[in-house]
$ cat run22.txt   # compact mmCIF, C-alpha atoms
# COMPACT_ATOMS: atom_id res chain seq x y z
CA MET E 1 -12.78 19.05 -6.74
CA ASN E 2 -10.00 17.63 -4.56
CA ALA E 3 -12.31 14.82 -3.45
CA VAL E 4 -13.49 14.08 -7.00
CA CYS E 5 -9.90 13.79 -8.17
CA ALA E 6 -9.03 11.56 -5.21
CA LEU E 7 -12.03 9.34 -6.00
CA VAL E 8 -10.89 8.90 -9.62
CA ALA E 9 -7.30 8.29 -8.46
CA GLY E 10 -8.50 5.66 -5.97
CA LEU E 11 -10.60 3.97 -8.64
CA LEU E 12 -7.70 3.89 -11.14
CA PHE E 13 -5.32 2.73 -8.41
CA GLY E 14 -7.71 -0.09 -7.47
CA ILE E 15 -8.28 -1.18 -11.08
CA GLY E 16 -4.50 -1.12 -11.56
CA LEU E 17 -4.10 -3.42 -8.56
CA ILE E 18 -6.68 -5.85 -10.01
CA VAL E 19 -5.24 -5.79 -13.57
CA SER E 20 -1.72 -6.29 -12.22
CA GLY E 21 -2.69 -9.41 -10.25
CA MET E 22 -1.81 -7.89 -6.88
CA THR E 23 -5.29 -8.54 -5.47
CA ASP E 24 -4.63 -12.28 -5.77
CA PRO E 25 -2.68 -13.32 -2.63
CA SER E 26 -1.36 -16.45 -4.36
CA LYS E 27 0.46 -14.21 -6.86
CA ILE E 28 2.08 -12.18 -4.07
CA ILE E 29 3.18 -15.33 -2.27
CA GLY E 30 4.37 -16.72 -5.64
CA PHE E 31 6.62 -13.67 -5.91
CA LEU E 32 7.88 -13.97 -2.33
CA ASP E 33 8.60 -17.70 -2.74
CA LEU E 34 12.10 -17.48 -4.16
CA ALA E 35 12.90 -21.09 -3.27
CA GLY E 36 9.81 -22.52 -4.99
CA ALA E 37 8.34 -21.86 -8.44
CA TRP E 38 8.98 -18.11 -8.65
CA ASP E 39 6.44 -15.75 -10.22
CA PRO E 40 8.29 -12.48 -11.07
CA SER E 41 5.05 -10.61 -11.99
CA LEU E 42 5.17 -8.24 -9.00
CA ALA E 43 8.53 -6.90 -10.23
CA PHE E 44 6.74 -5.84 -13.43
CA VAL E 45 3.99 -4.08 -11.44
CA MET E 46 6.64 -2.16 -9.53
CA GLY E 47 8.54 -1.38 -12.75
CA GLY E 48 5.42 -0.01 -14.47
CA ALA E 49 4.36 2.11 -11.51
CA ILE E 50 7.84 3.50 -10.87
CA LEU E 51 8.32 4.31 -14.57
CA VAL E 52 5.35 6.71 -14.42
CA GLY E 53 6.07 7.75 -10.82
CA LEU E 54 9.63 8.88 -11.55
CA ILE E 55 8.34 11.44 -14.06
CA ALA E 56 5.40 12.54 -11.88
CA PHE E 57 7.44 13.09 -8.71
CA ARG E 58 10.17 14.88 -10.69
CA ILE E 59 7.54 17.38 -11.80
CA ALA E 60 5.90 17.49 -8.34
CA ARG E 61 9.18 18.36 -6.64
CA LYS E 62 9.60 21.43 -8.83
CA ARG E 63 6.12 22.77 -8.16
CA ARG E 64 5.29 24.79 -5.09
CA ALA E 65 1.57 23.93 -5.19
CA PRO E 66 -0.49 21.15 -6.77
CA LEU E 67 -2.73 22.01 -9.75
CA LEU E 68 -5.88 22.10 -7.61
CA GLY E 69 -4.26 24.43 -5.08
CA GLY E 70 -3.37 23.86 -1.45
CA ALA E 71 -0.01 22.60 -0.31
CA MET E 72 2.28 20.07 -1.97
CA LEU E 73 2.68 17.65 0.91
CA LEU E 74 5.68 15.50 0.08
CA PRO E 75 7.30 13.45 2.88
CA THR E 76 9.92 15.36 4.82
CA SER E 77 11.48 12.71 7.04
CA ARG E 78 14.85 11.42 5.86
CA SER E 79 16.04 9.35 8.79
CA ILE E 80 16.36 5.59 8.49
CA ASP E 81 15.50 4.67 12.07
CA ARG E 82 14.54 1.67 14.14
CA GLN E 83 10.84 2.46 13.83
CA LEU E 84 10.97 2.42 10.01
CA ILE E 85 12.81 -0.91 9.89
CA LEU E 86 10.94 -2.70 12.71
CA GLY E 87 7.55 -1.63 11.34
CA SER E 88 8.51 -2.72 7.83
CA VAL E 89 9.82 -6.10 9.05
CA ALA E 90 6.52 -6.73 10.89
CA PHE E 91 4.59 -5.70 7.77
CA GLY E 92 6.69 -8.13 5.68
CA VAL E 93 5.83 -11.04 7.99
CA GLY E 94 2.09 -10.32 7.68
CA TRP E 95 2.44 -9.79 3.92
CA GLY E 96 4.18 -13.15 3.54
CA LEU E 97 1.63 -14.95 5.74
CA ALA E 98 -1.50 -13.71 3.99
CA GLY E 99 -0.37 -12.30 0.63
CA TYR E 100 -2.24 -9.03 1.20
CA CYS E 101 -0.90 -5.52 1.64
CA PRO E 102 -3.23 -2.59 2.49
CA GLY E 103 -4.25 -1.47 -1.05
CA PRO E 104 -5.28 -4.88 -2.38
CA ALA E 105 -6.95 -5.66 0.97
CA ILE E 106 -9.28 -2.66 0.62
CA VAL E 107 -10.02 -3.58 -3.02
CA ALA E 108 -10.78 -7.19 -1.98
CA LEU E 109 -13.04 -5.84 0.75
CA GLY E 110 -14.95 -4.00 -1.98
CA ALA E 111 -15.28 -7.30 -3.86
CA GLY E 112 -16.71 -8.81 -0.67
CA GLN E 113 -14.59 -11.97 -0.39
CA ASP E 114 -15.11 -13.30 3.14
CA LYS E 115 -11.43 -14.08 3.83
CA ALA E 116 -10.49 -10.60 2.62
CA VAL E 117 -13.06 -9.07 4.96
CA VAL E 118 -11.51 -10.88 7.95
CA PHE E 119 -7.99 -9.79 6.94
CA THR E 120 -9.00 -6.16 6.36
CA VAL E 121 -10.89 -5.87 9.65
CA ALA E 122 -7.80 -7.22 11.48
CA MET E 123 -5.58 -4.82 9.51
CA ILE E 124 -7.65 -1.79 10.48
CA ALA E 125 -7.65 -3.04 14.09
CA GLY E 126 -3.83 -3.22 13.87
CA MET E 127 -3.72 0.37 12.63
CA ALA E 128 -6.04 1.49 15.42
CA LEU E 129 -3.83 -0.30 17.97
CA TYR E 130 -0.85 1.62 16.59
CA GLU E 131 -2.76 4.90 16.93
CA ALA E 132 -3.70 4.09 20.54
CA ALA E 133 -0.12 3.12 21.44
CA ASP E 134 1.33 6.16 19.68
CA ARG E 135 -1.08 8.47 21.48
CA HIS E 136 -0.27 6.82 24.80
CA PHE E 137 3.52 6.98 24.47
CA HIS E 138 3.89 10.26 22.61
CA ALA E 139 1.09 12.31 24.12
CA ARG E 140 3.41 15.12 25.17
CA ARG E 141 5.32 15.33 21.91
CA ARG E 142 2.17 15.27 19.80
CA ARG E 143 0.73 18.34 21.51
CA ARG E 144 3.52 20.41 19.99
CA VAL E 145 2.86 19.17 16.46
CA PRO E 146 -0.06 20.86 14.70
CA ARG E 147 -2.59 18.15 13.91
CA GLU E 148 -2.95 19.25 10.31
CA LEU E 149 0.72 18.61 9.71
CA SER E 150 1.04 15.46 11.77
CA ASP E 151 0.90 13.30 8.67
CA VAL E 152 3.42 15.18 6.55
CA ALA E 153 6.41 13.23 7.74
CA GLY E 154 4.77 9.90 6.86
CA ASP E 155 5.79 8.32 3.59
CA GLY E 156 2.41 6.87 2.74
CA MET G 1 13.08 -21.57 -11.41
CA ILE G 2 10.45 -19.34 -12.99
CA ASP G 3 6.78 -20.24 -12.62
CA TRP G 4 5.88 -19.71 -16.30
CA THR G 5 2.24 -20.82 -15.90
CA HIS G 6 1.45 -17.98 -13.47
CA PHE G 7 3.85 -15.32 -14.78
CA THR G 8 1.87 -12.40 -16.28
CA PRO G 9 4.44 -9.81 -17.43
CA TRP G 10 2.14 -7.75 -19.69
CA SER G 11 -0.95 -7.44 -17.52
CA SER G 12 1.26 -6.79 -14.48
CA LEU G 13 3.16 -4.09 -16.32
CA ALA G 14 -0.11 -2.55 -17.56
CA GLY G 15 -1.60 -2.64 -14.04
CA GLY G 16 1.60 -1.08 -12.68
CA ILE G 17 1.36 1.76 -15.20
CA LEU G 18 -2.26 2.37 -14.15
CA ILE G 19 -1.16 2.48 -10.50
CA GLY G 20 1.57 4.95 -11.49
CA VAL G 21 -0.93 7.16 -13.34
CA ALA G 22 -3.23 7.17 -10.28
CA ALA G 23 -0.32 8.11 -7.98
CA ALA G 24 0.74 10.81 -10.47
CA MET G 25 -2.80 12.26 -10.50
CA LEU G 26 -2.97 12.40 -6.72
CA VAL G 27 0.39 14.11 -6.30
CA LEU G 28 0.13 16.55 -9.22
CA LEU G 29 -3.51 17.55 -8.68
CA ASN G 30 -3.97 17.11 -4.91
CA GLY G 31 -0.36 17.31 -3.74
CA ARG G 32 -0.72 14.07 -1.79
CA ILE G 33 1.10 10.74 -1.63
CA ALA G 34 -0.97 7.71 -2.74
CA GLY G 35 0.02 5.59 0.23
CA VAL G 36 -2.88 3.40 1.24
CA SER G 37 -1.79 2.74 4.84
CA GLY G 38 -1.08 6.46 5.36
CA ILE G 39 -4.44 7.44 3.86
CA ILE G 40 -6.33 5.06 6.18
CA GLY G 41 -4.09 6.10 9.09
CA GLY G 42 -5.12 9.71 8.51
CA VAL G 43 -8.78 8.70 8.77
CA LEU G 44 -8.05 7.05 12.13
CA ARG G 45 -6.32 10.26 13.26
CA PRO G 46 -8.73 12.84 11.93
CA ALA G 47 -7.53 16.35 11.16
CA ARG G 48 -9.83 19.15 10.10
CA GLY G 49 -10.10 19.73 6.32
CA ASP G 50 -8.12 16.57 5.63
CA MET G 51 -10.81 13.91 5.53
CA ALA G 52 -12.74 14.30 2.25
CA TRP G 53 -9.94 13.36 -0.15
CA ARG G 54 -8.94 10.39 2.04
CA LEU G 55 -12.46 8.98 2.18
CA ALA G 56 -12.90 9.63 -1.56
CA PHE G 57 -9.71 7.70 -2.37
CA ILE G 58 -10.81 4.77 -0.18
CA ILE G 59 -14.27 4.74 -1.80
CA GLY G 60 -12.49 4.64 -5.18
CA LEU G 61 -10.52 1.58 -4.07
CA LEU G 62 -13.67 -0.13 -2.77
CA ALA G 63 -15.54 0.64 -6.00
CA ALA G 64 -12.71 -0.66 -8.24
CA PRO G 65 -13.79 -4.34 -8.25
CA VAL G 66 -17.41 -3.31 -8.92
CA VAL G 67 -16.41 -1.15 -11.90
CA TYR G 68 -13.92 -3.76 -13.12
CA ARG G 69 -16.65 -6.41 -13.16
CA LEU G 70 -18.68 -4.22 -15.56
CA MET G 71 -15.82 -4.44 -18.06
CA THR G 72 -14.68 -8.04 -17.74
CA VAL G 73 -15.01 -11.18 -15.66
CA PRO G 74 -12.18 -11.29 -13.09
CA SER G 75 -10.50 -14.58 -12.20
CA PRO G 76 -11.23 -15.45 -8.57
CA PRO G 77 -8.29 -14.98 -6.16
CA THR G 78 -6.67 -17.87 -4.32
CA ILE G 79 -6.35 -17.28 -0.58
CA GLU G 80 -4.43 -20.13 1.02
CA ALA G 81 -4.18 -18.77 4.56
CA GLY G 82 -6.77 -19.92 7.13
CA TYR G 83 -8.76 -17.54 9.32
CA PRO G 84 -6.44 -17.46 12.39
CA VAL G 85 -3.44 -16.75 10.14
CA LEU G 86 -5.38 -14.02 8.32
CA VAL G 87 -6.18 -12.31 11.64
CA LEU G 88 -2.55 -12.45 12.80
CA ALA G 89 -1.32 -11.28 9.38
CA GLY G 90 -3.85 -8.45 9.30
CA LEU G 91 -2.76 -7.16 12.70
CA LEU G 92 0.92 -7.30 11.63
CA VAL G 93 0.25 -5.53 8.32
CA GLY G 94 -1.89 -2.85 9.99
CA ALA G 95 0.39 -2.05 12.92
CA GLY G 96 3.60 -2.63 10.91
CA THR G 97 2.73 -0.31 8.03
CA ARG G 98 1.73 2.48 10.42
CA TYR G 99 4.82 2.04 12.63
CA GLY G 100 7.04 1.85 9.53
CA SER G 101 5.08 4.78 8.03
CA GLY G 102 4.21 3.13 4.73
CA CYS G 103 3.20 0.06 2.74
CA THR G 104 3.85 -1.19 -0.78
CA ALA G 105 2.03 1.84 -2.20
CA GLY G 106 3.76 4.52 -0.11
CA HIS G 107 7.27 3.06 -0.01
CA VAL G 108 7.56 1.20 -3.34
CA PHE G 109 5.27 2.90 -5.85
CA CYS G 110 5.67 6.43 -4.49
CA GLY G 111 8.81 6.23 -2.30
CA LEU G 112 11.07 4.59 -4.87
CA SER G 113 9.69 6.98 -7.52
CA ARG G 114 10.78 9.86 -5.26
CA LEU G 115 14.22 8.18 -5.03
CA SER G 116 13.86 8.24 -1.24
CA PRO G 117 16.63 6.32 0.59
CA ARG G 118 14.23 5.92 3.52
CA SER G 119 11.64 4.16 1.35
CA LEU G 120 14.35 2.01 -0.22
CA ALA G 121 15.40 0.87 3.26
CA ALA G 122 11.77 0.13 4.21
CA THR G 123 11.19 -1.72 0.92
CA LEU G 124 14.27 -3.90 1.47
CA ALA G 125 13.15 -4.59 5.05
CA PHE G 126 9.63 -5.78 4.17
CA MET G 127 10.74 -7.64 1.03
CA LEU G 128 13.41 -9.56 2.94
CA SER G 129 11.06 -10.34 5.81
CA GLY G 130 8.38 -11.37 3.28
CA PHE G 131 10.86 -13.69 1.51
CA ALA G 132 11.93 -15.17 4.86
CA THR G 133 8.33 -15.66 6.03
CA VAL G 134 7.24 -17.46 2.86
CA TYR G 135 10.41 -19.58 2.97
CA ALA G 136 9.65 -20.55 6.57
CA VAL G 137 5.96 -21.31 5.90
CA ARG G 138 6.39 -23.16 2.61
CA HIS G 139 9.75 -24.91 3.00
CA LEU G 140 10.47 -25.29 6.71
CA VAL G 141 7.08 -25.81 8.37
CA ALA G 142 5.17 -27.52 5.54

$ encode --input "run22.txt" --output "structure tokens"
Amino acid sequence: MNAVCALVAGLLFGIGLIVSGMTDPSKIIGFLDLAGAWDPSLAFVMGGAILVGLIAFRIARKRRAPLLGGAMLLPTSRSIDRQLILGSVAFGVGWGLAGYCPGPAIVALGAGQDKAVVFTVAMIAGMALYEAADRHFHARRRRRVPRELSDVAGDG
Amino acid sequence: MIDWTHFTPWSSLAGGILIGVAAAMLVLLNGRIAGVSGIIGGVLRPARGDMAWRLAFIIGLLAAPVVYRLMTVPSPPTIEAGYPVLVLAGLLVGAGTRYGSGCTAGHVFCGLSRLSPRSLAATLAFMLSGFATVYAVRHLVA
């Protein structure tokens, strides 16, 4: 049941990305190009998603368990550290260069556009490089963290 | 100056609401954050009993354009970047979102909805660096 719900959520999420225009890199770059002809559409995508999200996360915070059971795994980390900022700055450079972020990249992969395939393969390679580096540098620390909970501190 | 020919307030708002509904479903039913980079990251770092929902969500994303095409004819995307730039950008987006523990989905759609100061800081960081990158590419180099 958990997987079925996640499948429907992924499908809706992906259709939302297409309807919103976020799967078109030229629209993302149009939003990021403040000095050129500016396309504010992405602000409306964020507004719509946050409008619904504010209500949903308000309810989620008050519940001990999700409706399908299991644990409510909301992010726990609160620190604004160098890793958060450096990683985000690097992400922003790539986002500005190509006009893709991870969600739309996976959707575009599903549509089979050849440029999107190249971007998404490189993106997954980048994620795998991070995993390898993280494992190499934090091998000792990681052993103390139960693997099942290793993702809880992540924000998404 | 607003680019009125490309500005799509209503479809963007509608798409945003759909994204919000999907994120709401995942957190209220599954108790999980709909952060795409985190979901893929979890697949690359497998933990027992934590794979099915991740793979299902990714399959949903992959199937979205197929299902969408059954309903309407999508306008083709415009991808200006060449292949070497796409590879560099992909590596930066992949490593950056994992190091910064989130992407647009995790930090903006979910993080800002949770009123998380950490996600606000991340959002400002990647927005500003995105603005600066596009400024450099479009107005300094070109």

$ residues_around --input "run22.txt" --residues "Met1 of chain G" --least-positions-apart "2" --cutoff "9 Å" --atoms "only C-alpha atoms" --output "CSV table (one decimal) with C-alpha atoms, in the coordinates of the input"
chain,number,residue,atom,x,y,z
E,34,LEU,CA,12.1,-17.5,-4.2
E,35,ALA,CA,12.9,-21.1,-3.3
E,36,GLY,CA,9.8,-22.5,-5.0
E,37,ALA,CA,8.3,-21.9,-8.4
E,38,TRP,CA,9.0,-18.1,-8.6
E,39,ASP,CA,6.4,-15.8,-10.2
G,3,ASP,CA,6.8,-20.2,-12.6
G,4,TRP,CA,5.9,-19.7,-16.3

$ atom_distance --input "run22.txt" --atom1 "atom CA of Trp53 of chain G" --atom2 "atom CA of Pro66 of chain E"
13.9 Å

$ atom_distance --input "run22.txt" --atom1 "atom CA of Val36 of chain G" --atom2 "atom CA of Gly102 of chain G"
7.9 Å

$ residues_near_point --input "run22.txt" --point "(6.6, -17.4, -5.2)" --cutoff "12 Å" --atoms "all atoms listed in the file" --output "PyMOL selection string"
(chain E and resi 25-43+96+99) or (chain G and resi 1-4+6-7+130-135+137-139)

$ residues_around --input "run22.txt" --residues "Val89 of chain E" --least-positions-apart "2" --cutoff "8 Å" --atoms "all atoms listed in the file" --output "list in words"
Ile85, Leu86, Gly87, Phe91, Gly92 and Val93 of chain E; Gly96, Ala125, Phe126, Leu128, Ser129 and Gly130 of chain G

$ residues_near_point --input "run22.txt" --point "(13.9, 3.3, -8.9)" --cutoff "9 Å" --atoms "only C-alpha atoms" --output "list of chain:residue names"
E:Gly47, E:Ile50, E:Leu51, E:Leu54, G:Val108, G:Gly111, G:Leu112, G:Ser113, G:Arg114, G:Leu115, G:Leu120

$ atom_distance --input "run22.txt" --atom1 "atom CA of Lys115 of chain E" --atom2 "atom CA of Leu88 of chain G"
12.7 Å

$ closest_residue --input "run22.txt" --among "E:Leu84, E:Leu74, E:Met127, E:Ala111" --to "Ser119 of chain G" --atoms "all atoms listed in the file"
E:Leu84

$ closest_residue --input "run22.txt" --among "G:Leu70, G:Cys110, G:Ser116, G:Ala14" --to "Ser77 of chain E" --atoms "all atoms listed in the file"
G:Ser116

$ closest_residue --input "run22.txt" --among "G:Leu124, G:Ala64, G:Cys103, G:Leu44" --to "Leu11 of chain E" --atoms "only C-alpha atoms"
G:Ala64

$ closest_residue --input "run22.txt" --among "G:Pro117, G:Pro76, G:Gly49, G:Gly60" --to "chain E" --atoms "all atoms listed in the file"
G:Gly60

$ closest_residue --input "run22.txt" --among "E:Gly112, E:Pro75, E:Gly154, E:Gly48" --to "Leu13 of chain G" --atoms "only C-alpha atoms"
E:Gly48

$ closest_residue --input "run22.txt" --among "G:Leu55, G:Leu29, G:Val141, G:Met71" --to "chain E" --atoms "all atoms listed in the file"
G:Leu29

$ residues_around --input "run22.txt" --residues "Leu129 of chain E" --least-positions-apart "3" --cutoff "10 Å" --atoms "all atoms listed in the file" --output "ChimeraX atom specification"
/E:123-126,132-135 /G:91,94-95,98

$ build_atoms --input "run22.txt" --residues "segment 63-78 of chain E" --atoms "N, CA and C atoms" --output "PDB file, in the frame of the given file"
ATOM      1  N   ARG E  63       7.276  21.881  -8.320  1.00  0.00           N
ATOM      2  CA  ARG E  63       6.120  22.770  -8.160  1.00  0.00           C
ATOM      3  C   ARG E  63       5.935  23.154  -6.696  1.00  0.00           C
ATOM      4  N   ARG E  64       5.522  24.380  -6.465  1.00  0.00           N
ATOM      5  CA  ARG E  64       5.290  24.790  -5.090  1.00  0.00           C
ATOM      6  C   ARG E  64       3.913  24.336  -4.616  1.00  0.00           C
ATOM      7  N   ALA E  65       2.946  24.325  -5.547  1.00  0.00           N
ATOM      8  CA  ALA E  65       1.570  23.930  -5.190  1.00  0.00           C
ATOM      9  C   ALA E  65       1.035  22.953  -6.229  1.00  0.00           C
ATOM     10  N   PRO E  66       0.153  22.040  -5.802  1.00  0.00           N
ATOM     11  CA  PRO E  66      -0.490  21.150  -6.770  1.00  0.00           C
ATOM     12  C   PRO E  66      -1.468  21.925  -7.658  1.00  0.00           C
ATOM     13  N   LEU E  67      -1.892  21.306  -8.769  1.00  0.00           N
ATOM     14  CA  LEU E  67      -2.730  22.010  -9.750  1.00  0.00           C
ATOM     15  C   LEU E  67      -4.067  22.466  -9.173  1.00  0.00           C
ATOM     16  N   LEU E  68      -4.589  21.708  -8.189  1.00  0.00           N
ATOM     17  CA  LEU E  68      -5.880  22.100  -7.610  1.00  0.00           C
ATOM     18  C   LEU E  68      -5.714  23.050  -6.419  1.00  0.00           C
ATOM     19  N   GLY E  69      -4.498  23.518  -6.192  1.00  0.00           N
ATOM     20  CA  GLY E  69      -4.260  24.430  -5.080  1.00  0.00           C
ATOM     21  C   GLY E  69      -3.957  23.706  -3.784  1.00  0.00           C
ATOM     22  N   GLY E  70      -3.747  24.463  -2.729  1.00  0.00           N
ATOM     23  CA  GLY E  70      -3.370  23.860  -1.450  1.00  0.00           C
ATOM     24  C   GLY E  70      -1.867  23.647  -1.404  1.00  0.00           C
ATOM     25  N   ALA E  71      -1.440  22.796  -0.496  1.00  0.00           N
ATOM     26  CA  ALA E  71      -0.010  22.600  -0.310  1.00  0.00           C
ATOM     27  C   ALA E  71       0.445  21.290  -0.947  1.00  0.00           C
ATOM     28  N   MET E  72       1.665  21.289  -1.461  1.00  0.00           N
ATOM     29  CA  MET E  72       2.280  20.070  -1.970  1.00  0.00           C
ATOM     30  C   MET E  72       2.899  19.350  -0.773  1.00  0.00           C
ATOM     31  N   LEU E  73       2.222  18.305  -0.306  1.00  0.00           N
ATOM     32  CA  LEU E  73       2.680  17.650   0.910  1.00  0.00           C
ATOM     33  C   LEU E  73       3.510  16.406   0.603  1.00  0.00           C
ATOM     34  N   LEU E  74       4.784  16.621   0.318  1.00  0.00           N
ATOM     35  CA  LEU E  74       5.680  15.500   0.080  1.00  0.00           C
ATOM     36  C   LEU E  74       6.361  15.137   1.406  1.00  0.00           C
ATOM     37  N   PRO E  75       6.687  13.857   1.599  1.00  0.00           N
ATOM     38  CA  PRO E  75       7.300  13.450   2.880  1.00  0.00           C
ATOM     39  C   PRO E  75       8.575  14.229   3.168  1.00  0.00           C
ATOM     40  N   THR E  76       8.775  14.548   4.438  1.00  0.00           N
ATOM     41  CA  THR E  76       9.920  15.360   4.820  1.00  0.00           C
ATOM     42  C   THR E  76      10.975  14.564   5.573  1.00  0.00           C
ATOM     43  N   SER E  77      10.540  13.465   6.211  1.00  0.00           N
ATOM     44  CA  SER E  77      11.480  12.710   7.040  1.00  0.00           C
ATOM     45  C   SER E  77      12.534  12.031   6.182  1.00  0.00           C
ATOM     46  N   ARG E  78      13.785  12.056   6.618  1.00  0.00           N
ATOM     47  CA  ARG E  78      14.850  11.420   5.860  1.00  0.00           C
ATOM     48  C   ARG E  78      15.588  10.365   6.666  1.00  0.00           C
TER      49      ARG E  78
END
